[in-house]
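S.K.: coords31.txt (compact mmCIF, C-alpha atoms) pasted underneath:
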# COMPACT_ATOMS: atom_id res chain seq x y z
CA MET A 1 159.66 145.05 -23.80
CA SER A 2 156.23 146.47 -24.60
CA GLN A 3 157.88 149.87 -25.08
CA PHE A 4 160.10 148.43 -27.84
CA SER A 5 157.29 146.56 -29.58
CA SER A 6 155.07 149.62 -29.32
CA THR A 7 157.79 151.88 -30.79
CA TYR A 8 158.46 149.37 -33.57
CA ALA A 9 154.73 149.14 -34.39
CA LEU A 10 154.46 152.93 -34.57
CA ILE A 11 157.48 153.15 -36.91
CA ARG A 12 155.89 150.45 -39.10
CA LYS A 13 152.65 152.42 -39.14
CA ASP A 14 154.52 155.60 -40.14
CA VAL A 15 156.46 153.83 -42.92
CA HIS A 16 153.32 152.23 -44.38
CA SER A 17 151.42 155.49 -44.02
CA GLU A 18 154.22 157.41 -45.76
CA LEU A 19 154.41 154.91 -48.62
CA ARG A 20 150.65 155.26 -49.17
CA THR A 21 150.19 159.01 -48.70
CA ARG A 22 153.67 160.33 -49.71
CA TYR A 23 153.13 163.22 -47.28
CA ALA A 24 156.85 163.84 -46.75
CA LEU A 25 158.57 161.81 -49.49
CA ASN A 26 157.23 163.82 -52.43
CA ALA A 27 158.05 167.13 -50.75
CA LEU A 28 161.60 165.96 -49.96
CA LEU A 29 162.30 164.53 -53.42
CA MET A 30 160.94 167.53 -55.30
CA PHE A 31 162.96 169.92 -53.16
CA VAL A 32 166.20 167.95 -53.61
CA VAL A 33 165.85 167.84 -57.40
CA THR A 34 164.86 171.51 -57.82
CA ALA A 35 167.51 172.80 -55.39
CA VAL A 36 170.37 170.83 -56.97
CA ALA A 37 169.19 171.80 -60.49
CA THR A 38 169.08 175.49 -59.49
CA ILE A 39 172.60 175.30 -58.08
CA LEU A 40 173.77 173.58 -61.26
CA PHE A 41 172.27 176.31 -63.47
CA ALA A 42 173.71 179.07 -61.24
CA LEU A 43 177.24 177.68 -61.22
CA ARG A 44 177.29 176.54 -64.87
CA SER A 45 180.94 176.02 -65.84
CA ASP A 46 182.40 177.68 -62.68
CA GLN A 47 184.69 175.60 -60.50
CA PRO A 48 183.50 176.38 -56.96
CA THR A 49 185.83 175.83 -53.99
CA SER A 50 185.28 172.89 -51.64
CA SER A 51 183.95 175.20 -48.89
CA VAL A 52 181.37 176.71 -51.29
CA LEU A 53 180.32 173.25 -52.47
CA SER A 54 180.00 171.84 -48.96
CA GLY A 55 178.07 174.96 -47.89
CA LEU A 56 175.63 174.55 -50.79
CA TYR A 57 175.37 170.81 -50.08
CA TRP A 58 174.18 171.41 -46.51
CA VAL A 59 171.94 174.30 -47.57
CA VAL A 60 170.10 171.79 -49.78
CA VAL A 61 169.93 169.28 -46.91
CA PHE A 62 168.72 171.97 -44.46
CA PHE A 63 165.90 173.32 -46.62
CA THR A 64 164.89 169.85 -47.78
CA ALA A 65 164.61 168.79 -44.16
CA MET A 66 162.56 171.91 -43.44
CA SER A 67 160.14 171.08 -46.25
CA GLY A 68 159.54 167.48 -45.22
CA LEU A 69 160.38 166.53 -41.66
CA SER A 70 157.68 168.58 -39.94
CA ARG A 71 155.10 166.37 -41.70
CA THR A 72 155.61 163.56 -39.17
CA PHE A 73 153.67 165.50 -36.53
CA VAL A 74 151.76 167.99 -38.68
CA SER A 75 150.09 165.19 -40.66
CA GLU A 76 148.87 163.57 -37.41
CA GLU A 77 147.52 166.94 -36.25
CA GLU A 78 145.83 167.72 -39.58
CA ARG A 79 144.17 164.29 -39.80
CA GLY A 80 143.02 164.48 -36.18
CA THR A 81 144.88 161.30 -35.21
CA THR A 82 147.05 162.96 -32.54
CA MET A 83 144.49 162.14 -29.87
CA THR A 84 144.29 158.52 -31.03
CA LEU A 85 148.02 158.19 -30.52
CA GLN A 86 147.83 159.96 -27.16
CA LEU A 87 145.22 157.42 -26.10
CA ILE A 88 147.19 154.28 -27.03
CA ALA A 89 150.89 155.15 -26.72
CA SER A 90 153.09 156.73 -24.07
CA PRO A 91 154.80 160.04 -24.96
CA SER A 92 158.24 158.38 -24.94
CA THR A 93 157.03 155.72 -27.42
CA VAL A 94 155.76 158.42 -29.77
CA TYR A 95 158.93 160.49 -29.40
CA PHE A 96 161.36 157.67 -30.12
CA ALA A 97 159.26 156.29 -33.00
CA LYS A 98 159.09 159.70 -34.66
CA LEU A 99 162.80 160.32 -33.99
CA LEU A 100 163.81 157.01 -35.60
CA PHE A 101 161.47 157.58 -38.55
CA ASN A 102 162.87 161.10 -39.09
CA THR A 103 166.43 159.75 -38.77
CA ALA A 104 165.77 157.18 -41.52
CA LEU A 105 164.12 159.87 -43.67
CA THR A 106 166.99 162.37 -43.15
CA PHE A 107 169.63 159.72 -43.83
CA SER A 108 167.91 158.59 -47.06
CA MET A 109 167.54 162.21 -48.12
CA THR A 110 171.23 162.95 -47.44
CA ILE A 111 172.24 159.90 -49.47
CA ALA A 112 169.98 161.07 -52.33
CA VAL A 113 171.52 164.59 -52.22
CA THR A 114 175.03 163.06 -52.19
CA ILE A 115 174.34 160.84 -55.22
CA LEU A 116 172.80 163.76 -57.13
CA TYR A 117 175.68 166.04 -56.18
CA MET A 118 178.32 163.52 -57.21
CA THR A 119 176.55 163.01 -60.54
CA VAL A 120 175.95 166.68 -61.31
CA PHE A 121 179.26 168.05 -59.96
CA SER A 122 181.39 165.05 -60.92
CA ASN A 123 184.49 167.22 -61.47
CA SER A 124 184.39 169.38 -58.35
CA PHE A 125 182.50 167.35 -55.67
CA VAL A 126 185.11 164.63 -55.17
CA ILE A 127 185.20 163.01 -51.72
CA LYS A 128 188.89 162.53 -50.94
CA THR A 129 188.56 161.36 -47.30
CA PHE A 130 185.56 159.06 -47.32
CA SER A 131 185.71 158.26 -43.59
CA ILE A 132 185.24 161.94 -42.67
CA PHE A 133 182.39 162.31 -45.15
CA ALA A 134 180.62 159.13 -43.94
CA GLY A 135 180.99 160.17 -40.29
CA THR A 136 179.69 163.66 -41.05
CA VAL A 137 176.66 162.38 -42.98
CA ILE A 138 175.74 159.84 -40.26
CA LEU A 139 176.23 162.19 -37.29
CA GLY A 140 174.81 165.17 -39.19
CA SER A 141 171.66 163.19 -40.08
CA LEU A 142 171.25 162.14 -36.44
CA GLY A 143 171.60 165.75 -35.28
CA PHE A 144 169.21 167.04 -37.94
CA ALA A 145 166.61 164.41 -37.05
CA ALA A 146 166.94 165.04 -33.29
CA ALA A 147 166.44 168.80 -33.67
CA SER A 148 163.76 168.51 -36.36
CA THR A 149 161.65 166.04 -34.39
CA ILE A 150 161.14 168.20 -31.32
CA ILE A 151 160.70 171.35 -33.39
CA ALA A 152 158.10 169.53 -35.54
CA ALA A 153 156.23 168.51 -32.39
CA ILE A 154 156.17 172.15 -31.19
CA VAL A 155 155.22 173.53 -34.60
CA ALA A 156 152.37 171.01 -35.07
CA LYS A 157 150.58 172.65 -32.12
CA ALA A 158 150.94 176.17 -33.57
CA ASN A 159 148.63 177.94 -36.01
CA THR A 160 151.36 179.32 -38.30
CA ARG A 161 153.03 175.99 -39.06
CA GLY A 162 154.49 176.75 -42.48
CA THR A 163 156.64 179.71 -41.52
CA LEU A 164 157.38 178.77 -37.93
CA TYR A 165 159.32 175.59 -38.72
CA PRO A 166 162.36 177.11 -40.53
CA VAL A 167 162.27 180.17 -38.26
CA LEU A 168 162.49 178.02 -35.11
CA SER A 169 164.92 175.54 -36.66
CA PHE A 170 167.60 177.90 -37.92
CA PRO A 171 168.96 179.15 -34.56
CA ILE A 172 168.83 175.62 -33.15
CA LEU A 173 170.52 174.05 -36.18
CA ILE A 174 173.16 176.75 -36.82
CA VAL A 175 175.79 175.03 -34.62
CA LEU A 176 175.16 171.75 -36.41
CA LEU A 177 175.25 173.39 -39.84
CA MET A 178 178.58 175.16 -39.20
CA THR A 179 180.13 171.94 -37.90
CA VAL A 180 178.96 169.68 -40.75
CA MET A 181 179.99 172.27 -43.34
CA GLY A 182 183.50 172.44 -41.84
CA ALA A 183 183.83 168.65 -41.68
CA THR A 184 182.56 168.20 -45.25
CA THR A 185 185.12 170.73 -46.50
CA LYS A 186 187.82 168.66 -44.80
CA ALA A 187 186.52 165.51 -46.53
CA LEU A 188 186.60 167.27 -49.93
CA ASP A 189 190.09 168.71 -49.28
CA GLY A 190 191.45 165.25 -48.41
CA GLU A 191 192.52 166.05 -44.85
CA GLU A 192 193.46 163.37 -42.32
CA PHE A 193 190.63 161.70 -40.34
CA ALA A 194 192.12 163.00 -37.06
CA THR A 195 191.53 166.63 -38.09
CA ALA A 196 187.76 166.02 -38.09
CA LEU A 197 187.64 164.47 -34.60
CA PRO A 198 186.76 167.76 -32.84
CA ASP A 199 183.87 168.18 -35.32
CA PHE A 200 182.63 164.67 -34.56
CA GLN A 201 182.81 165.37 -30.82
CA ILE A 202 180.60 168.43 -31.33
CA LEU A 203 178.16 166.43 -33.48
CA ILE A 204 177.91 163.59 -30.94
CA GLY A 205 177.45 166.10 -28.09
CA TYR A 206 174.82 167.97 -30.10
CA PHE A 207 172.86 164.77 -30.79
CA LEU A 208 173.00 163.62 -27.16
CA ALA A 209 172.05 167.03 -25.75
CA MET A 210 169.23 167.49 -28.26
CA THR A 211 167.84 163.98 -27.75
CA GLY A 212 168.07 164.15 -23.95
CA GLY A 213 166.48 167.60 -23.79
CA SER A 214 163.75 166.62 -26.23
CA TYR A 215 162.94 163.43 -24.32
CA LEU A 216 162.43 165.44 -21.13
CA LEU A 217 160.42 168.17 -22.88
CA PHE A 218 158.33 166.03 -25.20
CA GLU A 219 155.57 165.03 -22.79
CA TYR A 220 154.71 168.69 -22.13
CA VAL A 221 154.67 169.49 -25.85
CA TRP A 222 152.69 166.36 -26.77
CA LYS A 223 149.92 166.65 -24.18
CA ASP A 224 147.67 169.67 -23.45
CA MET B 1 138.28 148.85 -11.70
CA THR B 2 137.22 151.96 -9.80
CA LEU B 3 137.29 155.56 -10.99
CA THR B 4 137.32 158.43 -8.52
CA VAL B 5 136.96 162.01 -9.72
CA ASP B 6 137.52 164.47 -6.88
CA LYS B 7 136.73 168.19 -7.15
CA VAL B 8 138.01 168.39 -10.70
CA ALA B 9 138.07 171.78 -12.41
CA LYS B 10 139.23 172.81 -15.86
CA GLU B 11 140.12 176.28 -17.09
CA PHE B 12 141.25 177.47 -20.51
CA ASN B 13 143.05 180.82 -20.45
CA ARG B 14 141.55 181.57 -17.03
CA ARG B 15 138.02 180.86 -18.35
CA SER B 16 136.38 178.27 -16.16
CA ILE B 17 134.83 175.38 -18.12
CA PHE B 18 133.63 173.43 -15.08
CA ARG B 19 134.59 173.14 -11.43
CA ASP B 20 134.13 170.93 -8.38
CA VAL B 21 133.09 167.86 -10.36
CA SER B 22 133.17 164.80 -8.09
CA PHE B 23 131.92 161.24 -8.49
CA SER B 24 133.05 157.69 -8.00
CA LEU B 25 132.25 154.64 -10.13
CA SER B 26 133.12 150.98 -9.89
CA GLN B 27 132.50 147.90 -12.05
CA GLY B 28 128.90 147.62 -13.27
CA GLN B 29 128.14 151.30 -12.69
CA SER B 30 127.52 153.93 -15.31
CA LEU B 31 127.22 157.72 -15.51
CA ALA B 32 125.64 160.10 -18.00
CA ILE B 33 127.26 163.53 -18.31
CA THR B 34 124.73 166.03 -19.60
CA GLY B 35 124.68 169.78 -20.05
CA ARG B 36 124.18 172.49 -22.65
CA ASN B 37 126.62 173.04 -25.54
CA GLY B 38 129.93 174.38 -24.25
CA SER B 39 129.32 173.17 -20.70
CA GLY B 40 132.48 171.01 -20.86
CA LYS B 41 131.15 167.47 -21.40
CA SER B 42 133.80 166.56 -23.98
CA THR B 43 136.51 168.31 -21.95
CA LEU B 44 135.57 166.26 -18.88
CA ILE B 45 135.69 163.07 -20.97
CA LYS B 46 139.21 164.04 -22.14
CA VAL B 47 140.30 164.73 -18.55
CA ILE B 48 138.98 161.32 -17.43
CA ALA B 49 140.73 159.64 -20.39
CA GLY B 50 144.04 161.28 -19.40
CA LEU B 51 144.17 163.30 -22.63
CA LEU B 52 143.93 166.62 -20.80
CA SER B 53 145.16 167.50 -17.35
CA ALA B 54 142.76 168.97 -14.80
CA THR B 55 143.47 172.51 -13.62
CA ARG B 56 142.49 171.45 -10.10
CA GLY B 57 141.37 168.24 -8.46
CA THR B 58 142.34 164.63 -9.09
CA VAL B 59 141.27 161.69 -11.22
CA ALA B 60 142.31 158.35 -9.72
CA TYR B 61 141.97 154.83 -11.10
CA THR B 62 142.41 151.56 -9.26
CA VAL B 63 142.52 148.04 -10.66
CA ASP B 64 142.22 145.09 -8.26
CA GLY B 65 142.81 147.49 -5.38
CA ASN B 66 146.05 148.86 -6.84
CA SER B 67 146.33 152.44 -8.03
CA LEU B 68 146.77 152.67 -11.80
CA ASN B 69 149.47 154.79 -13.40
CA VAL B 70 148.27 157.13 -16.18
CA GLU B 71 150.90 155.49 -18.43
CA ASP B 72 149.06 152.15 -18.11
CA LEU B 73 145.61 153.64 -18.58
CA ARG B 74 145.67 152.83 -22.30
CA TYR B 75 145.24 149.11 -21.57
CA HIS B 76 142.04 149.76 -19.59
CA ILE B 77 140.27 152.53 -21.43
CA GLY B 78 138.16 152.73 -24.59
CA LEU B 79 136.94 155.98 -26.14
CA VAL B 80 134.45 156.83 -28.87
CA SER B 81 134.36 160.50 -29.70
CA PRO B 82 133.92 162.87 -32.66
CA TYR B 83 137.46 164.25 -32.17
CA LEU B 84 139.09 160.82 -32.23
CA GLN B 85 140.03 159.87 -35.79
CA LEU B 86 141.40 156.68 -37.34
CA TYR B 87 143.79 156.47 -40.30
CA ASP B 88 142.12 157.06 -43.67
CA GLU B 89 144.97 155.50 -45.64
CA PHE B 90 144.53 152.09 -43.97
CA SER B 91 141.67 149.62 -44.20
CA GLY B 92 139.37 148.97 -41.26
CA SER B 93 141.15 145.76 -40.25
CA GLU B 94 144.61 147.30 -40.79
CA ASN B 95 143.66 150.16 -38.46
CA LEU B 96 142.65 147.76 -35.69
CA GLU B 97 145.74 145.59 -36.20
CA LEU B 98 148.19 148.53 -36.24
CA LEU B 99 146.60 150.36 -33.32
CA SER B 100 146.45 147.24 -31.13
CA LYS B 101 150.15 146.61 -31.84
CA ILE B 102 151.03 150.21 -30.94
CA ARG B 103 149.07 149.69 -27.71
CA SER B 104 151.02 146.41 -27.17
CA ASP B 105 147.70 144.69 -26.74
CA LEU B 106 148.57 141.01 -27.02
CA GLY B 107 144.95 139.85 -26.64
CA SER B 108 143.76 141.51 -29.85
CA ASP B 109 144.64 138.81 -32.39
CA SER B 110 143.05 138.36 -35.82
CA LYS B 111 140.21 136.31 -34.31
CA ARG B 112 139.31 139.11 -31.90
CA ILE B 113 139.56 141.67 -34.73
CA GLN B 114 137.11 139.57 -36.78
CA GLU B 115 134.81 139.31 -33.76
CA VAL B 116 134.58 143.08 -33.20
CA LEU B 117 134.31 143.92 -36.92
CA GLU B 118 131.41 141.47 -37.22
CA ALA B 119 129.81 142.97 -34.10
CA VAL B 120 129.86 146.49 -35.60
CA GLY B 121 128.80 145.26 -39.05
CA LEU B 122 132.01 146.08 -40.93
CA TRP B 123 133.44 142.60 -41.58
CA GLU B 124 132.38 142.65 -45.26
CA ARG B 125 134.15 146.01 -45.76
CA ARG B 126 137.20 145.17 -43.63
CA SER B 127 139.67 145.44 -46.53
CA ASP B 128 138.42 148.80 -47.84
CA TYR B 129 140.33 151.96 -47.04
CA VAL B 130 138.72 154.01 -44.29
CA ARG B 131 138.68 157.03 -46.63
CA THR B 132 135.98 155.18 -48.63
CA TYR B 133 133.79 154.69 -45.53
CA SER B 134 130.72 156.81 -44.84
CA SER B 135 130.61 158.86 -41.63
CA GLY B 136 128.36 156.20 -40.04
CA MET B 137 130.82 153.42 -40.96
CA LYS B 138 133.68 155.44 -39.49
CA GLN B 139 131.68 155.78 -36.28
CA ARG B 140 131.15 151.98 -36.24
CA LEU B 141 134.90 151.46 -36.72
CA LYS B 142 135.54 153.73 -33.72
CA TYR B 143 133.41 151.35 -31.66
CA ALA B 144 135.41 148.37 -32.91
CA PHE B 145 138.62 150.20 -31.91
CA ALA B 146 137.19 151.21 -28.51
CA VAL B 147 136.09 147.72 -27.42
CA LEU B 148 138.84 145.69 -29.15
CA HIS B 149 140.92 145.27 -25.96
CA ARG B 150 137.85 144.74 -23.71
CA PRO B 151 138.36 147.96 -21.69
CA SER B 152 137.32 148.24 -18.05
CA LEU B 153 136.34 151.88 -18.63
CA LEU B 154 134.39 152.85 -21.76
CA LEU B 155 133.86 156.54 -22.52
CA LEU B 156 131.30 157.52 -25.14
CA ASP B 157 131.03 161.11 -26.33
CA GLU B 158 127.97 161.73 -28.54
CA PRO B 159 127.61 157.94 -28.91
CA THR B 160 125.08 157.70 -31.74
CA SER B 161 126.17 160.58 -33.98
CA ASN B 162 126.07 159.65 -37.70
CA LEU B 163 124.54 156.23 -36.96
CA ASP B 164 121.41 154.73 -38.53
CA GLN B 165 118.86 152.66 -36.56
CA ASN B 166 120.96 149.48 -36.94
CA GLY B 167 123.97 151.36 -35.67
CA ILE B 168 122.05 152.66 -32.65
CA THR B 169 121.00 149.06 -31.85
CA MET B 170 124.66 148.03 -32.10
CA VAL B 171 125.61 150.81 -29.64
CA ALA B 172 122.86 149.66 -27.26
CA GLN B 173 124.41 146.16 -27.29
CA VAL B 174 127.88 147.56 -26.58
CA VAL B 175 126.43 149.63 -23.73
CA ALA B 176 124.60 146.61 -22.25
CA GLU B 177 127.79 144.52 -22.38
CA GLN B 178 129.85 147.31 -20.77
CA ASN B 179 127.22 147.81 -18.05
CA ARG B 180 127.74 144.15 -17.12
CA SER B 181 131.54 144.00 -17.29
CA GLY B 182 132.96 147.46 -16.55
CA ILE B 183 132.38 151.17 -16.10
CA LEU B 184 130.50 153.23 -18.67
CA ILE B 185 130.46 157.02 -19.01
CA VAL B 186 128.31 158.69 -21.68
CA ALA B 187 128.47 162.39 -22.56
CA THR B 188 125.24 163.32 -24.29
CA ASN B 189 122.33 165.72 -24.61
CA ASP B 190 119.96 162.96 -25.73
CA ALA B 191 117.57 161.77 -23.01
CA ASP B 192 117.39 158.24 -24.52
CA GLU B 193 121.17 157.88 -24.41
CA ALA B 194 121.33 159.27 -20.87
CA ALA B 195 118.78 156.62 -19.85
CA TRP B 196 121.37 153.89 -20.59
CA CYS B 197 123.19 154.96 -17.43
CA SER B 198 122.36 154.34 -13.79
CA SER B 199 123.32 157.85 -12.65
CA SER B 200 123.93 161.27 -14.15
CA ILE B 201 125.49 164.66 -13.55
CA GLU B 202 124.70 167.91 -15.31
CA LEU B 203 127.48 170.36 -16.14
CA GLY B 204 127.05 174.09 -16.61
CA LEU B 205 124.55 174.62 -13.82
CA PRO B 206 124.90 177.99 -12.08
Would you write the structure of this file as structure tokens?

M.R.:
Amino acid sequence: MSQFSSTYALIRKDVHSELRTRYALNALLMFVVTAVATILFALRSDQPTSSVLSGLYWVVVFFTAMSGLSRTFVSEEERGTTMTLQLIASPSTVYFAKLLFNTALTFSMTIAVTILYMTVFSNSFVIKTFSIFAGTVILGSLGFAAASTIIAAIVAKANTRGTLYPVLSFPILIVLLMTVMGATTKALDGEEFATALPDFQILIGYFLAMTGGSYLLFEYVWKD
Amino acid sequence: MTLTVDKVAKEFNRRSIFRDVSFSLSQGQSLAITGRNGSGKSTLIKVIAGLLSATRGTVAYTVDGNSLNVEDLRYHIGLVSPYLQLYDEFSGSENLELLSKIRSDLGSDSKRIQEVLEAVGLWERRSDYVRTYSSGMKQRLKYAFAVLHRPSLLLLDEPTSNLDQNGITMVAQVVAEQNRSGILIVATNDADEAAWCSSSIELGLP
């Protein structure tokens, strides 16, 4: 019970801290707006295919995540509060609180990208199978958050934080990226829900494997 | 509570910081850790607090005769140290409230928070953001955080840094209270601070 209340208190602390400092929110929002605007200017009046659009959609999500999600651990390290957390919370409490916070942040960011995309590309980005798209966004956000959280914890301990995060993330996230891009294309092409089931199985497996592995590894990354 | 440190050694990248450190303390006892700069005083404090693992040797804690898991150490330990920071974007009282909830410390209610903030002289400034505090006020807030849950083991690293004479008197009161109710360990190079403790060890001796 104390584990749950402790995790909840840490999430509350992170939310309040984020609302006051805007460490990650500003970086995420600015990246989403500039990336979507750049894509809009590049495509102009072209009618891109659904696979190109879904690819660009997840490119925006990937790089936005890279610009913001590492802040959850890096900000603690930069402010010198890592040791305070180590003193008062167990590693599993910290891991699950940061994972849930990153999941909420990734999900909000994906929703923001979707709304912007649907507004800017109102003619070409039309979701024909909503159930596939919703499933992809939810499972994709979970996978992104699971991978980003452990990578952020590793990167926060390194000296070259800025460059290391995307470099470490790309090989780990490539399976997830290929799967979500394929599933999003299916949603835009109006395919049946059943055709996306193998993609969802991969996404669920990815999330479980990443979360389980991270939970086991986290204590060694977090301490010493 | 009892604390037993047995032949503890710490190395960083094969460089020995200290080795064969052994002592045992129980309730009402205190220890000063002294030694030149770089002798490993702060590192030993971190090892005792469970923030760093020892390269060799063991640190064991018992409460009421039962061995204490490192996971549960957070309920029994308080630490004041230059490398321990609180959150600048929260006020003094918000920091104490949030951190006690993260620690799942049910005993630290608003009355207790008021009590410790008054004891360290920060009650009037409780609603101000910590980023507006002076370095001495931040040090006082660290004391409020360290004693909030009435720890059995209090670790003080450079206990009076940044403090004025009033602050030093406040620390002396905290030390006297801890010497009555628990275990106190002070890492210092100041002879006056070392004199607060009933025993001492010196690190970095050949």

S.K.: Set out as a tab-separated table a contact list for chain A and chain B with a cut-off of 8 Å, giving each residue of chain A that qualifies its closest atom pair and distance in Å to one decimal, counting only C-alpha atoms, ordered by chain and rising residue number.

M.R.:
residue	atom	partner	partner_atom	distance
A:Ser2	CA	B:Ser104	CA	5.8
A:Gln3	CA	B:Ser104	CA	8.0
A:Ser5	CA	B:Ser104	CA	6.7
A:Ser6	CA	B:Ile102	CA	4.4
A:Thr7	CA	B:Ile102	CA	7.0
A:Tyr8	CA	B:Ile102	CA	7.9
A:Ala9	CA	B:Ile102	CA	5.2
A:Leu10	CA	B:Ile102	CA	5.7
A:Lys13	CA	B:Leu98	CA	6.6
A:Ser17	CA	B:Glu89	CA	6.7
A:Arg20	CA	B:Glu89	CA	6.7
A:Thr21	CA	B:Glu89	CA	7.0
A:Arg79	CA	B:Gln85	CA	7.3
A:Gly80	CA	B:Gln85	CA	5.5
A:Thr81	CA	B:Gln85	CA	5.1
A:Met83	CA	B:Leu84	CA	6.0
A:Thr84	CA	B:Leu84	CA	5.8
A:Gln86	CA	B:Leu51	CA	6.7
A:Leu87	CA	B:Arg74	CA	6.0
A:Ile88	CA	B:Arg103	CA	5.0
A:Ala89	CA	B:Arg103	CA	5.8
A:Ser90	CA	B:Glu71	CA	6.2
A:Lys223	CA	B:Leu51	CA	6.8
A:Asp224	CA	B:Leu52	CA	5.5

S.K.: Find the residue from B:Asp64, B:Glu124, B:Glu115, B:Asp192 that sits nearest to B:Ser91; use only C-alpha atoms when measuring.

M.R.: B:Glu124

S.K.: Set the distance at 8 Å and use only C-alpha atoms: which residues neighbour A:Asn102 once local chain neighbours fewer than 3 positions away are removed? I'd like the list as a ChimeraX atom specification.

M.R.: /A:69,72,98-99,105-106,145,148-149

S.K.: Residues at most 12 Å from stretch 111-126 of chain A, counting all atoms listed in the file, excluding those fewer than 4 positions away in the same chain, as a VMD selection string?

M.R.: chain A and resid 25 28 to 41 43 to 65 104 to 107 130 133 to 134 136 to 138 140 to 141 184 to 190

S.K.: Which of these residues is nearest to A:Asp199, using all atoms listed in the file: A:Leu216, A:Phe144, A:Ile132, A:Lys157?

M.R.: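 Checking each candidate against A:Asp199, we get A:Ile132 as the closest.
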
S.K.: What gap, in Å, lies between atom CA of B:Asp20 and atom CA of B:Ile185?

M.R.: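 Between these atoms lies a distance of 17.9 Å.
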